[in-house]
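Next comes coords15.pdb, a file with PDB, C-alpha atoms.
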```
ATOM      1  CA  MET A   1      11.965   5.056  -9.133  1.00  0.00           C
ATOM      2  CA  LEU A   2       9.726   7.178  -6.924  1.00  0.00           C
ATOM      3  CA  ILE A   3      11.666   9.947  -5.198  1.00  0.00           C
ATOM      4  CA  ALA A   4      10.253  12.373  -2.647  1.00  0.00           C
ATOM      5  CA  ASP A   5      12.257  15.355  -1.437  1.00  0.00           C
ATOM      6  CA  HIS A   6      11.429  17.267   1.745  1.00  0.00           C
ATOM      7  CA  LEU A   7       7.692  16.552   1.839  1.00  0.00           C
ATOM      8  CA  THR A   8       6.074  18.980   4.254  1.00  0.00           C
ATOM      9  CA  LEU A   9       2.506  19.512   5.423  1.00  0.00           C
ATOM     10  CA  GLY A  10       2.320  21.425   8.690  1.00  0.00           C
ATOM     11  CA  HIS A  11       2.929  19.057  11.607  1.00  0.00           C
ATOM     12  CA  ARG A  12       1.659  16.074   9.631  1.00  0.00           C
ATOM     13  CA  LEU A  13       4.787  15.752   7.474  1.00  0.00           C
ATOM     14  CA  GLN A  14       8.048  17.410   8.385  1.00  0.00           C
ATOM     15  CA  GLY A  15      10.679  17.269   5.657  1.00  0.00           C
ATOM     16  CA  VAL A  16      10.331  13.607   4.648  1.00  0.00           C
ATOM     17  CA  ASP A  17      12.779  12.292   2.023  1.00  0.00           C
ATOM     18  CA  LEU A  18      12.495   8.831   0.497  1.00  0.00           C
ATOM     19  CA  HIS A  19      13.410   6.653  -2.478  1.00  0.00           C
ATOM     20  CA  LEU A  20      11.223   3.750  -3.570  1.00  0.00           C
ATOM     21  CA  ALA A  21      13.020   1.614  -6.145  1.00  0.00           C
ATOM     22  CA  PRO A  22      11.397  -0.599  -8.805  1.00  0.00           C
ATOM     23  CA  GLY A  23      11.179  -4.220  -7.764  1.00  0.00           C
ATOM     24  CA  THR A  24      10.953  -3.481  -4.042  1.00  0.00           C
ATOM     25  CA  THR A  25       8.366  -3.549  -1.268  1.00  0.00           C
ATOM     26  CA  THR A  26       8.271  -0.893   1.436  1.00  0.00           C
ATOM     27  CA  ALA A  27       6.394  -0.982   4.741  1.00  0.00           C
ATOM     28  CA  ILE A  28       5.533   2.375   6.319  1.00  0.00           C
ATOM     29  CA  LEU A  29       5.243   2.089  10.099  1.00  0.00           C
ATOM     30  CA  GLY A  30       4.510   4.385  13.000  1.00  0.00           C
ATOM     31  CA  PRO A  31       2.082   4.898  15.887  1.00  0.00           C
ATOM     32  CA  ASN A  32      -1.353   6.418  15.388  1.00  0.00           C
ATOM     33  CA  GLY A  33      -1.050   9.976  14.113  1.00  0.00           C
ATOM     34  CA  ALA A  34       2.549   9.532  12.950  1.00  0.00           C
ATOM     35  CA  GLY A  35       1.716  10.578   9.378  1.00  0.00           C
ATOM     36  CA  LYS A  36       1.649   7.209   7.599  1.00  0.00           C
ATOM     37  CA  SER A  37      -1.598   7.720   5.695  1.00  0.00           C
ATOM     38  CA  THR A  38      -0.738  11.356   5.032  1.00  0.00           C
ATOM     39  CA  LEU A  39       2.577  10.342   3.487  1.00  0.00           C
ATOM     40  CA  LEU A  40       1.003   7.696   1.296  1.00  0.00           C
ATOM     41  CA  ALA A  41      -1.754  10.065   0.144  1.00  0.00           C
ATOM     42  CA  ALA A  42       0.879  12.700  -0.654  1.00  0.00           C
ATOM     43  CA  LEU A  43       2.825  10.189  -2.754  1.00  0.00           C
ATOM     44  CA  ALA A  44      -0.389   9.396  -4.637  1.00  0.00           C
ATOM     45  CA  GLY A  45      -0.922  13.081  -5.403  1.00  0.00           C
ATOM     46  CA  LEU A  46      -4.067  13.286  -3.279  1.00  0.00           C
ATOM     47  CA  LEU A  47      -2.699  16.011  -1.011  1.00  0.00           C
ATOM     48  CA  LYS A  48      -0.985  19.250  -1.871  1.00  0.00           C
ATOM     49  CA  VAL A  49       2.269  19.253   0.062  1.00  0.00           C
ATOM     50  CA  GLY A  50       5.500  21.158   0.068  1.00  0.00           C
ATOM     51  CA  GLY A  51       8.513  19.502  -1.520  1.00  0.00           C
ATOM     52  CA  ARG A  52       8.829  17.481  -4.685  1.00  0.00           C
ATOM     53  CA  ILE A  53       7.652  14.044  -5.831  1.00  0.00           C
ATOM     54  CA  ARG A  54       9.173  12.497  -8.951  1.00  0.00           C
ATOM     55  CA  TRP A  55       8.386   9.318 -10.844  1.00  0.00           C
ATOM     56  CA  GLN A  56      11.029   8.301 -13.382  1.00  0.00           C
ATOM     57  CA  ASP A  57      12.450  11.856 -13.319  1.00  0.00           C
ATOM     58  CA  ARG A  58       9.032  13.447 -13.954  1.00  0.00           C
ATOM     59  CA  ASP A  59       7.153  15.580 -11.444  1.00  0.00           C
ATOM     60  CA  LEU A  60       4.331  13.239 -10.481  1.00  0.00           C
ATOM     61  CA  PRO A  61       1.685  15.938  -9.817  1.00  0.00           C
ATOM     62  CA  ARG A  62       2.279  17.338 -13.325  1.00  0.00           C
ATOM     63  CA  ILE A  63       1.608  14.035 -15.079  1.00  0.00           C
ATOM     64  CA  PRO A  64      -1.841  14.165 -16.753  1.00  0.00           C
ATOM     65  CA  PHE A  65      -4.580  12.537 -14.728  1.00  0.00           C
ATOM     66  CA  LEU A  66      -5.316   9.573 -17.008  1.00  0.00           C
ATOM     67  CA  GLU A  67      -1.651   8.826 -17.546  1.00  0.00           C
ATOM     68  CA  ARG A  68      -1.127   8.954 -13.785  1.00  0.00           C
ATOM     69  CA  GLY A  69      -3.944   6.429 -13.433  1.00  0.00           C
ATOM     70  CA  ARG A  70      -1.904   3.995 -15.512  1.00  0.00           C
ATOM     71  CA  ILE A  71       1.207   4.657 -13.420  1.00  0.00           C
ATOM     72  CA  LEU A  72      -0.133   4.310  -9.885  1.00  0.00           C
ATOM     73  CA  ALA A  73      -2.860   2.479  -8.042  1.00  0.00           C
ATOM     74  CA  TRP A  74      -4.158   3.769  -4.727  1.00  0.00           C
ATOM     75  CA  LEU A  75      -5.966   1.842  -2.024  1.00  0.00           C
ATOM     76  CA  GLY A  76      -7.210   4.028   0.813  1.00  0.00           C
ATOM     77  CA  GLN A  77      -8.414   2.939   4.235  1.00  0.00           C
ATOM     78  CA  GLU A  78     -11.933   4.004   3.292  1.00  0.00           C
ATOM     79  CA  SER A  79     -12.587   2.496  -0.108  1.00  0.00           C
ATOM     80  CA  GLY A  80     -16.106   3.751  -0.730  1.00  0.00           C
ATOM     81  CA  ALA A  81     -18.545   0.842  -0.586  1.00  0.00           C
ATOM     82  CA  GLU A  82     -21.620   3.070  -0.385  1.00  0.00           C
ATOM     83  CA  PHE A  83     -22.989   2.106  -3.811  1.00  0.00           C
ATOM     84  CA  ALA A  84     -24.382  -1.332  -4.569  1.00  0.00           C
ATOM     85  CA  PHE A  85     -22.063  -2.224  -7.446  1.00  0.00           C
ATOM     86  CA  SER A  86     -21.332  -5.871  -8.041  1.00  0.00           C
ATOM     87  CA  VAL A  87     -17.894  -7.137  -7.090  1.00  0.00           C
ATOM     88  CA  ARG A  88     -16.956  -7.552 -10.728  1.00  0.00           C
ATOM     89  CA  GLU A  89     -18.048  -3.982 -11.500  1.00  0.00           C
ATOM     90  CA  VAL A  90     -15.855  -2.652  -8.689  1.00  0.00           C
ATOM     91  CA  VAL A  91     -12.808  -4.590  -9.887  1.00  0.00           C
ATOM     92  CA  ALA A  92     -13.460  -3.413 -13.468  1.00  0.00           C
ATOM     93  CA  GLN A  93     -13.198   0.193 -12.258  1.00  0.00           C
ATOM     94  CA  GLY A  94      -9.457  -0.426 -12.087  1.00  0.00           C
ATOM     95  CA  ARG A  95      -9.385  -0.251 -15.884  1.00  0.00           C
ATOM     96  CA  PHE A  96     -10.834   3.280 -16.157  1.00  0.00           C
ATOM     97  CA  ALA A  97      -7.521   4.883 -17.128  1.00  0.00           C
ATOM     98  CA  TRP A  98      -7.123   2.463 -20.022  1.00  0.00           C
ATOM     99  CA  GLY A  99     -10.562   3.126 -21.447  1.00  0.00           C
ATOM    100  CA  ASP A 100     -11.474  -0.541 -21.679  1.00  0.00           C
ATOM    101  CA  GLU A 101     -12.558  -3.440 -19.526  1.00  0.00           C
ATOM    102  CA  ASP A 102      -9.676  -5.841 -20.010  1.00  0.00           C
ATOM    103  CA  GLU A 103     -11.329  -9.159 -19.172  1.00  0.00           C
ATOM    104  CA  ALA A 104      -8.015 -10.928 -18.609  1.00  0.00           C
ATOM    105  CA  ALA A 105      -6.786  -8.306 -16.128  1.00  0.00           C
ATOM    106  CA  ILE A 106     -10.086  -8.331 -14.237  1.00  0.00           C
ATOM    107  CA  ALA A 107     -10.276 -12.120 -14.101  1.00  0.00           C
ATOM    108  CA  CYS A 108      -6.645 -12.421 -12.998  1.00  0.00           C
ATOM    109  CA  ALA A 109      -7.113  -9.856 -10.217  1.00  0.00           C
ATOM    110  CA  MET A 110     -10.217 -11.600  -8.908  1.00  0.00           C
ATOM    111  CA  ALA A 111      -8.543 -15.008  -8.973  1.00  0.00           C
ATOM    112  CA  THR A 112      -5.455 -13.661  -7.216  1.00  0.00           C
ATOM    113  CA  LEU A 113      -7.531 -12.220  -4.365  1.00  0.00           C
ATOM    114  CA  ASP A 114      -9.750 -15.321  -4.167  1.00  0.00           C
ATOM    115  CA  ILE A 115     -12.995 -13.447  -4.844  1.00  0.00           C
ATOM    116  CA  GLU A 116     -14.219 -15.130  -8.049  1.00  0.00           C
ATOM    117  CA  HIS A 117     -17.094 -16.709  -6.143  1.00  0.00           C
ATOM    118  CA  LEU A 118     -18.231 -13.213  -5.097  1.00  0.00           C
ATOM    119  CA  ALA A 119     -18.356 -11.777  -8.633  1.00  0.00           C
ATOM    120  CA  ASP A 120     -22.113 -11.168  -8.735  1.00  0.00           C
ATOM    121  CA  ARG A 121     -22.541 -10.171  -5.090  1.00  0.00           C
ATOM    122  CA  ARG A 122     -23.155  -6.532  -4.208  1.00  0.00           C
ATOM    123  CA  VAL A 123     -20.149  -5.035  -2.515  1.00  0.00           C
ATOM    124  CA  THR A 124     -22.418  -3.468   0.117  1.00  0.00           C
ATOM    125  CA  GLU A 125     -23.434  -6.979   1.233  1.00  0.00           C
ATOM    126  CA  LEU A 126     -19.897  -8.178   1.945  1.00  0.00           C
ATOM    127  CA  SER A 127     -17.964  -8.365   5.183  1.00  0.00           C
ATOM    128  CA  GLY A 128     -15.202  -5.854   5.855  1.00  0.00           C
ATOM    129  CA  GLY A 129     -12.518  -8.388   4.978  1.00  0.00           C
ATOM    130  CA  GLU A 130     -14.223  -9.398   1.749  1.00  0.00           C
ATOM    131  CA  ARG A 131     -14.600  -5.765   0.702  1.00  0.00           C
ATOM    132  CA  ARG A 132     -10.921  -5.198   1.414  1.00  0.00           C
ATOM    133  CA  ARG A 133      -9.967  -7.984  -0.977  1.00  0.00           C
ATOM    134  CA  VAL A 134     -12.328  -6.589  -3.620  1.00  0.00           C
ATOM    135  CA  PHE A 135     -10.710  -3.161  -3.525  1.00  0.00           C
ATOM    136  CA  LEU A 136      -7.251  -4.727  -3.550  1.00  0.00           C
ATOM    137  CA  ALA A 137      -8.295  -6.584  -6.693  1.00  0.00           C
ATOM    138  CA  ARG A 138      -9.357  -3.266  -8.211  1.00  0.00           C
ATOM    139  CA  SER A 139      -5.873  -1.878  -7.537  1.00  0.00           C
ATOM    140  CA  LEU A 140      -4.279  -4.974  -9.006  1.00  0.00           C
ATOM    141  CA  ALA A 141      -6.451  -4.789 -12.136  1.00  0.00           C
ATOM    142  CA  THR A 142      -4.923  -1.426 -13.036  1.00  0.00           C
ATOM    143  CA  GLY A 143      -1.635  -3.078 -13.907  1.00  0.00           C
ATOM    144  CA  ALA A 144       0.055   0.043 -12.502  1.00  0.00           C
ATOM    145  CA  PRO A 145       3.788  -0.264 -11.745  1.00  0.00           C
ATOM    146  CA  LEU A 146       3.391   1.846  -8.586  1.00  0.00           C
ATOM    147  CA  GLN A 147       1.061   0.365  -5.977  1.00  0.00           C
ATOM    148  CA  LEU A 148       0.251   2.418  -2.849  1.00  0.00           C
ATOM    149  CA  TRP A 149      -1.904   0.614  -0.272  1.00  0.00           C
ATOM    150  CA  ASP A 150      -3.048   2.131   3.022  1.00  0.00           C
ATOM    151  CA  GLU A 151      -3.578  -0.611   5.633  1.00  0.00           C
ATOM    152  CA  PRO A 152      -4.472  -3.268   3.046  1.00  0.00           C
ATOM    153  CA  ALA A 153      -4.612  -6.053   5.630  1.00  0.00           C
ATOM    154  CA  SER A 154      -7.124  -4.340   7.922  1.00  0.00           C
ATOM    155  CA  ASN A 155     -10.141  -6.578   8.612  1.00  0.00           C
ATOM    156  CA  LEU A 156      -8.329  -9.595   7.132  1.00  0.00           C
ATOM    157  CA  ASP A 157      -7.635 -12.846   8.949  1.00  0.00           C
ATOM    158  CA  VAL A 158      -4.050 -14.081   9.237  1.00  0.00           C
ATOM    159  CA  ARG A 159      -4.143 -16.210   6.087  1.00  0.00           C
ATOM    160  CA  HIS A 160      -5.510 -13.466   3.860  1.00  0.00           C
ATOM    161  CA  ALA A 161      -3.199 -10.871   5.385  1.00  0.00           C
ATOM    162  CA  LEU A 162      -0.216 -13.066   4.532  1.00  0.00           C
ATOM    163  CA  GLU A 163      -1.628 -13.461   1.020  1.00  0.00           C
ATOM    164  CA  VAL A 164      -1.591  -9.660   0.687  1.00  0.00           C
ATOM    165  CA  TYR A 165       2.067  -9.484   1.696  1.00  0.00           C
ATOM    166  CA  ARG A 166       2.866 -12.331  -0.694  1.00  0.00           C
ATOM    167  CA  LEU A 167       1.053 -10.453  -3.473  1.00  0.00           C
ATOM    168  CA  ALA A 168       3.176  -7.382  -2.764  1.00  0.00           C
ATOM    169  CA  ALA A 169       6.331  -9.511  -3.032  1.00  0.00           C
ATOM    170  CA  LEU A 170       5.167 -11.070  -6.306  1.00  0.00           C
ATOM    171  CA  LEU A 171       4.395  -7.669  -7.799  1.00  0.00           C
ATOM    172  CA  ALA A 172       7.871  -6.485  -6.806  1.00  0.00           C
ATOM    173  CA  GLN A 173       9.424  -9.553  -8.407  1.00  0.00           C
ATOM    174  CA  GLY A 174       7.723  -8.435 -11.616  1.00  0.00           C
ATOM    175  CA  GLY A 175       9.327  -4.995 -11.336  1.00  0.00           C
ATOM    176  CA  SER A 176       6.600  -3.044  -9.550  1.00  0.00           C
ATOM    177  CA  THR A 177       7.141  -0.591  -6.703  1.00  0.00           C
ATOM    178  CA  VAL A 178       4.891  -1.387  -3.738  1.00  0.00           C
ATOM    179  CA  ALA A 179       4.476   0.748  -0.603  1.00  0.00           C
ATOM    180  CA  ILE A 180       2.120  -0.259   2.206  1.00  0.00           C
ATOM    181  CA  THR A 181       1.227   1.284   5.557  1.00  0.00           C
ATOM    182  CA  LEU A 182       1.096  -1.172   8.441  1.00  0.00           C
ATOM    183  CA  HIS A 183       0.283  -1.308  12.137  1.00  0.00           C
ATOM    184  CA  ASP A 184       1.674  -4.802  12.664  1.00  0.00           C
ATOM    185  CA  ILE A 185       5.427  -4.473  13.225  1.00  0.00           C
ATOM    186  CA  ARG A 186       5.907  -8.215  12.762  1.00  0.00           C
ATOM    187  CA  ALA A 187       4.543  -8.042   9.217  1.00  0.00           C
ATOM    188  CA  ALA A 188       7.254  -5.545   8.272  1.00  0.00           C
ATOM    189  CA  TYR A 189       9.835  -8.348   8.186  1.00  0.00           C
ATOM    190  CA  HIS A 190       8.218  -9.562   4.963  1.00  0.00           C
ATOM    191  CA  PHE A 191       9.246  -6.324   3.209  1.00  0.00           C
ATOM    192  CA  ASP A 192      12.470  -5.195   1.552  1.00  0.00           C
ATOM    193  CA  GLN A 193      12.624  -1.953   3.485  1.00  0.00           C
ATOM    194  CA  VAL A 194      10.773  -0.091   6.204  1.00  0.00           C
ATOM    195  CA  LEU A 195      10.149   3.577   6.816  1.00  0.00           C
ATOM    196  CA  VAL A 196       9.322   4.554  10.390  1.00  0.00           C
ATOM    197  CA  LEU A 197       7.485   7.804  11.073  1.00  0.00           C
ATOM    198  CA  GLU A 198       7.007   9.637  14.346  1.00  0.00           C
ATOM    199  CA  GLN A 199       5.034  12.894  14.542  1.00  0.00           C
ATOM    200  CA  GLY A 200       5.485  13.515  10.834  1.00  0.00           C
ATOM    201  CA  ARG A 201       9.238  12.933  10.848  1.00  0.00           C
ATOM    202  CA  LEU A 202      11.107  10.038   9.254  1.00  0.00           C
ATOM    203  CA  VAL A 203      13.061   8.468  12.123  1.00  0.00           C
ATOM    204  CA  GLY A 204      14.137   5.202  10.515  1.00  0.00           C
ATOM    205  CA  ALA A 205      14.688   3.837   7.010  1.00  0.00           C
ATOM    206  CA  GLY A 206      16.359   0.690   5.750  1.00  0.00           C
ATOM    207  CA  LYS A 207      16.106  -3.077   5.986  1.00  0.00           C
ATOM    208  CA  PRO A 208      13.698  -4.304   8.680  1.00  0.00           C
ATOM    209  CA  HIS A 209      16.303  -6.112  10.791  1.00  0.00           C
ATOM    210  CA  ASP A 210      18.542  -3.044  10.738  1.00  0.00           C
ATOM    211  CA  VAL A 211      15.854  -0.481  11.550  1.00  0.00           C
ATOM    212  CA  LEU A 212      13.456  -2.257  13.897  1.00  0.00           C
ATOM    213  CA  THR A 213      15.695  -2.486  16.920  1.00  0.00           C
ATOM    214  CA  ALA A 214      14.441  -2.818  20.470  1.00  0.00           C
ATOM    215  CA  ASP A 215      15.584   0.741  21.151  1.00  0.00           C
ATOM    216  CA  LEU A 216      13.668   2.219  18.202  1.00  0.00           C
ATOM    217  CA  ILE A 217      10.521   0.270  19.034  1.00  0.00           C
ATOM    218  CA  ARG A 218      10.721   1.464  22.634  1.00  0.00           C
ATOM    219  CA  GLU A 219      11.256   5.107  21.652  1.00  0.00           C
ATOM    220  CA  VAL A 220       8.693   5.293  18.857  1.00  0.00           C
ATOM    221  CA  PHE A 221       5.985   2.817  19.867  1.00  0.00           C
ATOM    222  CA  ARG A 222       6.466   3.037  23.656  1.00  0.00           C
ATOM    223  CA  VAL A 223       6.591  -0.738  24.112  1.00  0.00           C
ATOM    224  CA  GLU A 224       9.285  -3.208  25.032  1.00  0.00           C
ATOM    225  CA  ALA A 225      10.167  -5.672  22.264  1.00  0.00           C
ATOM    226  CA  ARG A 226      11.458  -9.213  22.540  1.00  0.00           C
ATOM    227  CA  PHE A 227      12.540 -10.809  19.265  1.00  0.00           C
ATOM    228  CA  ILE A 228      11.400 -14.387  18.664  1.00  0.00           C
ATOM    229  CA  THR A 229      11.780 -14.855  14.932  1.00  0.00           C
ATOM    230  CA  SER A 230      10.281 -18.346  14.955  1.00  0.00           C
ATOM    231  CA  LEU A 231       6.886 -16.802  15.679  1.00  0.00           C
ATOM    232  CA  VAL A 232       6.876 -14.633  12.548  1.00  0.00           C
ATOM    233  CA  PRO A 233       4.467 -16.413  10.133  1.00  0.00           C
ATOM    234  CA  GLU A 234       5.923 -17.383   6.764  1.00  0.00           C
ATOM    235  CA  LEU A 235       4.368 -16.181   3.531  1.00  0.00           C
ATOM    236  CA  PRO A 236       2.354 -18.842   1.701  1.00  0.00           C
ATOM    237  CA  GLU A 237       3.933 -20.522  -1.302  1.00  0.00           C
TER     238      GLU A 237
END
```
Just give me the structure as structure tokens.
Amino acid sequence: MLIADHLTLGHRLQGVDLHLAPGTTTAILGPNGAGKSTLLAALAGLLKVGGRIRWQDRDLPRIPFLERGRILAWLGQESGAEFAFSVREVVAQGRFAWGDEDEAAIACAMATLDIEHLADRRVTELSGGERRRVFLARSLATGAPLQLWDEPASNLDVRHALEVYRLAALLAQGGSTVAITLHDIRAAYHFDQVLVLEQGRLVGAGKPHDVLTADLIREVFRVEARFITSLVPELPE
């Protein structure tokens, strides 16, 4: 269980409380500048914020660095593709906290993200969508029970985006805790719960169909919503 109490960082986060249970997926939504990425980075321990963050009744920022690397995996919006590592080398970086290159974990992650054929390519030569899948595979290779992904489906086509959401669901079925920031409101219906932020405040939390009402979407996103559930793509089998 990941529990955050009264997370505060100026106007970027204003007293956010949340519980992320094992075996669940959470979508974090909100307009640009709402604080989605800030919240996710705070949960990963990348920002110093007011309040408290606990993982299994331990203060997460106090957990030693290497141990924390075995607990959580972080995927940021900017994943650092400046160096010409091979795809396999990038995915293998996910094993740094374990001190070994677990071939099975690396191979499984690459197969899951459909990037085996790219193994020897330089990551700097790939398209944005291909790089995104590579860095997702690196997160997966960690085997961490807490997965925090910031806009993981950016630059991905519809099929690969749905594969990402399916992967999140599969990880949750195995007991992991997965939290993802999204811009696509429709994709949130594939998640167990949603958190909606506006100007650093948590204005909605719960199951997608309960939280994402026409009124909330109008007030937070400034658009009118019409619900046609038949147009929500299904996750691949």
- [ ] Translate the PyMOL selection byres ((chain A and resi 24-32) around 9), as applied to the file shown, into an explicit residue set as JSON, numbers by chain.
- [x] {"A": [20, 21, 22, 23, 33, 34, 35, 36, 37, 39, 40, 168, 169, 171, 172, 173, 175, 176, 177, 178, 179, 180, 181, 182, 183, 184, 185, 187, 188, 189, 190, 191, 192, 193, 194, 195, 196, 197, 198, 199, 208, 220, 221]}
Selection above as a file: C-alpha atoms, as a short mmCIF file (atom, residue, chain, number, x, y, z; two decimals), in the frame of the given file:
```
data_model
loop_
_atom_site.label_atom_id
_atom_site.label_comp_id
_atom_site.auth_asym_id
_atom_site.auth_seq_id
_atom_site.Cartn_x
_atom_site.Cartn_y
_atom_site.Cartn_z
CA LEU A 20 11.22 3.75 -3.57
CA ALA A 21 13.02 1.61 -6.14
CA PRO A 22 11.40 -0.60 -8.80
CA GLY A 23 11.18 -4.22 -7.76
CA GLY A 33 -1.05 9.98 14.11
CA ALA A 34 2.55 9.53 12.95
CA GLY A 35 1.72 10.58 9.38
CA LYS A 36 1.65 7.21 7.60
CA SER A 37 -1.60 7.72 5.70
CA LEU A 39 2.58 10.34 3.49
CA LEU A 40 1.00 7.70 1.30
CA ALA A 168 3.18 -7.38 -2.76
CA ALA A 169 6.33 -9.51 -3.03
CA LEU A 171 4.39 -7.67 -7.80
CA ALA A 172 7.87 -6.48 -6.81
CA GLN A 173 9.42 -9.55 -8.41
CA GLY A 175 9.33 -5.00 -11.34
CA SER A 176 6.60 -3.04 -9.55
CA THR A 177 7.14 -0.59 -6.70
CA VAL A 178 4.89 -1.39 -3.74
CA ALA A 179 4.48 0.75 -0.60
CA ILE A 180 2.12 -0.26 2.21
CA THR A 181 1.23 1.28 5.56
CA LEU A 182 1.10 -1.17 8.44
CA HIS A 183 0.28 -1.31 12.14
CA ASP A 184 1.67 -4.80 12.66
CA ILE A 185 5.43 -4.47 13.22
CA ALA A 187 4.54 -8.04 9.22
CA ALA A 188 7.25 -5.54 8.27
CA TYR A 189 9.84 -8.35 8.19
CA HIS A 190 8.22 -9.56 4.96
CA PHE A 191 9.25 -6.32 3.21
CA ASP A 192 12.47 -5.20 1.55
CA GLN A 193 12.62 -1.95 3.48
CA VAL A 194 10.77 -0.09 6.20
CA LEU A 195 10.15 3.58 6.82
CA VAL A 196 9.32 4.55 10.39
CA LEU A 197 7.48 7.80 11.07
CA GLU A 198 7.01 9.64 14.35
CA GLN A 199 5.03 12.89 14.54
CA PRO A 208 13.70 -4.30 8.68
CA VAL A 220 8.69 5.29 18.86
CA PHE A 221 5.98 2.82 19.87
#
```
Task: Distance criterion (all atoms listed in the file): nearest to Val49 in chain A out of A:Gly69, A:Pro145, A:Gly76, A:Pro61 - done: A:Pro61
Task: For Val16 in chain A, the nearest of the candidates A:Val203, A:Leu66, A:Leu167, A:Ala105, counting only C-alpha atoms - done: A:Val203
Task: Between CA of Ala161 in chain A and CA of Leu118 in chain A, distance in Å (one decimal) - done: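 Separation of CA of Ala161 in chain A and CA of Leu118 in chain A: 18.5 Å.
Every polymer residue reaching to within 12 Å of (14.4, 16.4, 4.8), counting all atoms listed in the file, appears in this list: Ala4, Asp5, His6, Leu7, Thr8, Leu13, Gln14, Gly15, Val16, Asp17, Leu18, Gly50, Gly51, Arg52, Gly200, Arg201, Leu202 and Val203 of chain A.
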Open item on the list: Just the number, please: distance in Å from CA of Leu46 in chain A to CA of Gly129 in chain A, one decimal.
Closed with: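 Pair CA of Leu46 in chain A / CA of Gly129 in chain A returns 24.7 Å.
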TODO: May I ask which of the residues A:Glu78, A:Arg131, A:Ala141, A:Thr124 is the closest one to Phe96 in chain A, counting only C-alpha atoms?
DONE: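 Of A:Glu78, A:Arg131, A:Ala141, A:Thr124, the one nearest Phe96 in chain A is A:Ala141, counting only C-alpha atoms.
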Skipping near chain neighbours, those fewer than 3 positions away, what residues fall within 6 Å of range 137-140 of chain A using only C-alpha atoms, listed as an mmCIF file with C-alpha atoms, in the frame of the given file?
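Writing done, so here's out15.cif:
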```cif
data_model
loop_
_atom_site.group_PDB
_atom_site.id
_atom_site.type_symbol
_atom_site.label_atom_id
_atom_site.label_comp_id
_atom_site.auth_asym_id
_atom_site.auth_seq_id
_atom_site.Cartn_x
_atom_site.Cartn_y
_atom_site.Cartn_z
ATOM 1 C CA ALA A 73 -2.860 2.479 -8.042
ATOM 2 C CA VAL A 91 -12.808 -4.590 -9.887
ATOM 3 C CA GLY A 94 -9.457 -0.426 -12.087
ATOM 4 C CA ALA A 109 -7.113 -9.856 -10.217
ATOM 5 C CA MET A 110 -10.217 -11.600 -8.908
ATOM 6 C CA VAL A 134 -12.328 -6.589 -3.620
ATOM 7 C CA GLY A 143 -1.635 -3.078 -13.907
#
```
Open item on the list: Using all atoms listed in the file, can you tell me which of A:Asp59, A:Ala205, A:Leu75, A:Glu67 comes closest to Glu151 in chain A?
Closed with: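 Of A:Asp59, A:Ala205, A:Leu75, A:Glu67, the one nearest Glu151 in chain A is A:Leu75, counting all atoms listed in the file.
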Open item on the list: Please determine, counting all atoms listed in the file, which residue among A:Trp55, A:Lys48, A:Asp114, A:Val87 has the shortest atom-to-atom distance to Gly10 in chain A.
Closed with: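 Under the stated criterion, the closest residue is A:Lys48.
Excluding Asp157 in chain A itself and same-chain residues fewer than 3 positions from it, the residues having an atom within 12 Å of it are Ser127, Gly128, Gly129, Glu130, Arg132, Arg133, Pro152, Ala153, Ser154, His160, Ala161, Leu162, Glu163 and Val164 of chain A, counting all atoms listed in the file.
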Task: Residue nearest Gln93 in chain A - candidates A:Leu9, A:Leu136, A:Asp215, A:Leu156, atoms counted: all atoms listed in the file - done: A:Leu136
Task: Between CA of Val123 in chain A and CA of Ser86 in chain A - distance in Å to one decimal - done: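 Value for the CA of Ser86 in chain A-CA of Val123 in chain A distance: 5.7 Å.
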Could you name the residues that touch Ala107 in chain A at 10 Å or less, counting all atoms listed in the file, but leaving out those on the same chain fewer than 3 positions away, as a short mmCIF file (atom, residue, chain, number, x, y, z; two decimals) with C-alpha atoms, keeping the file's coordinate frame?
```
data_model
loop_
_atom_site.label_atom_id
_atom_site.label_comp_id
_atom_site.auth_asym_id
_atom_site.auth_seq_id
_atom_site.Cartn_x
_atom_site.Cartn_y
_atom_site.Cartn_z
CA ARG A 88 -16.96 -7.55 -10.73
CA VAL A 91 -12.81 -4.59 -9.89
CA ALA A 92 -13.46 -3.41 -13.47
CA ASP A 102 -9.68 -5.84 -20.01
CA GLU A 103 -11.33 -9.16 -19.17
CA ALA A 104 -8.02 -10.93 -18.61
CA MET A 110 -10.22 -11.60 -8.91
CA ALA A 111 -8.54 -15.01 -8.97
CA THR A 112 -5.46 -13.66 -7.22
CA ILE A 115 -13.00 -13.45 -4.84
CA GLU A 116 -14.22 -15.13 -8.05
CA ALA A 119 -18.36 -11.78 -8.63
CA ALA A 137 -8.30 -6.58 -6.69
CA ALA A 141 -6.45 -4.79 -12.14
#
```
Please produce range 13-17 of chain A, completed to N, CA and C atoms, as a PDB file, in the coordinates of the input.
```pdb
ATOM      1  N   LEU A  13       3.572  16.223   8.135  1.00  0.00           N
ATOM      2  CA  LEU A  13       4.787  15.752   7.474  1.00  0.00           C
ATOM      3  C   LEU A  13       5.840  16.831   7.649  1.00  0.00           C
ATOM      4  N   GLN A  14       7.017  16.424   8.087  1.00  0.00           N
ATOM      5  CA  GLN A  14       8.048  17.410   8.385  1.00  0.00           C
ATOM      6  C   GLN A  14       9.357  17.049   7.683  1.00  0.00           C
ATOM      7  N   GLY A  15       9.442  17.435   6.408  1.00  0.00           N
ATOM      8  CA  GLY A  15      10.679  17.269   5.657  1.00  0.00           C
ATOM      9  C   GLY A  15      11.049  15.830   5.371  1.00  0.00           C
ATOM     10  N   VAL A  16      10.092  15.029   4.894  1.00  0.00           N
ATOM     11  CA  VAL A  16      10.331  13.607   4.648  1.00  0.00           C
ATOM     12  C   VAL A  16      10.983  13.407   3.282  1.00  0.00           C
ATOM     13  N   ASP A  17      12.093  12.686   3.258  1.00  0.00           N
ATOM     14  CA  ASP A  17      12.779  12.292   2.023  1.00  0.00           C
ATOM     15  C   ASP A  17      12.711  10.775   1.909  1.00  0.00           C
TER      16      ASP A  17
END
```
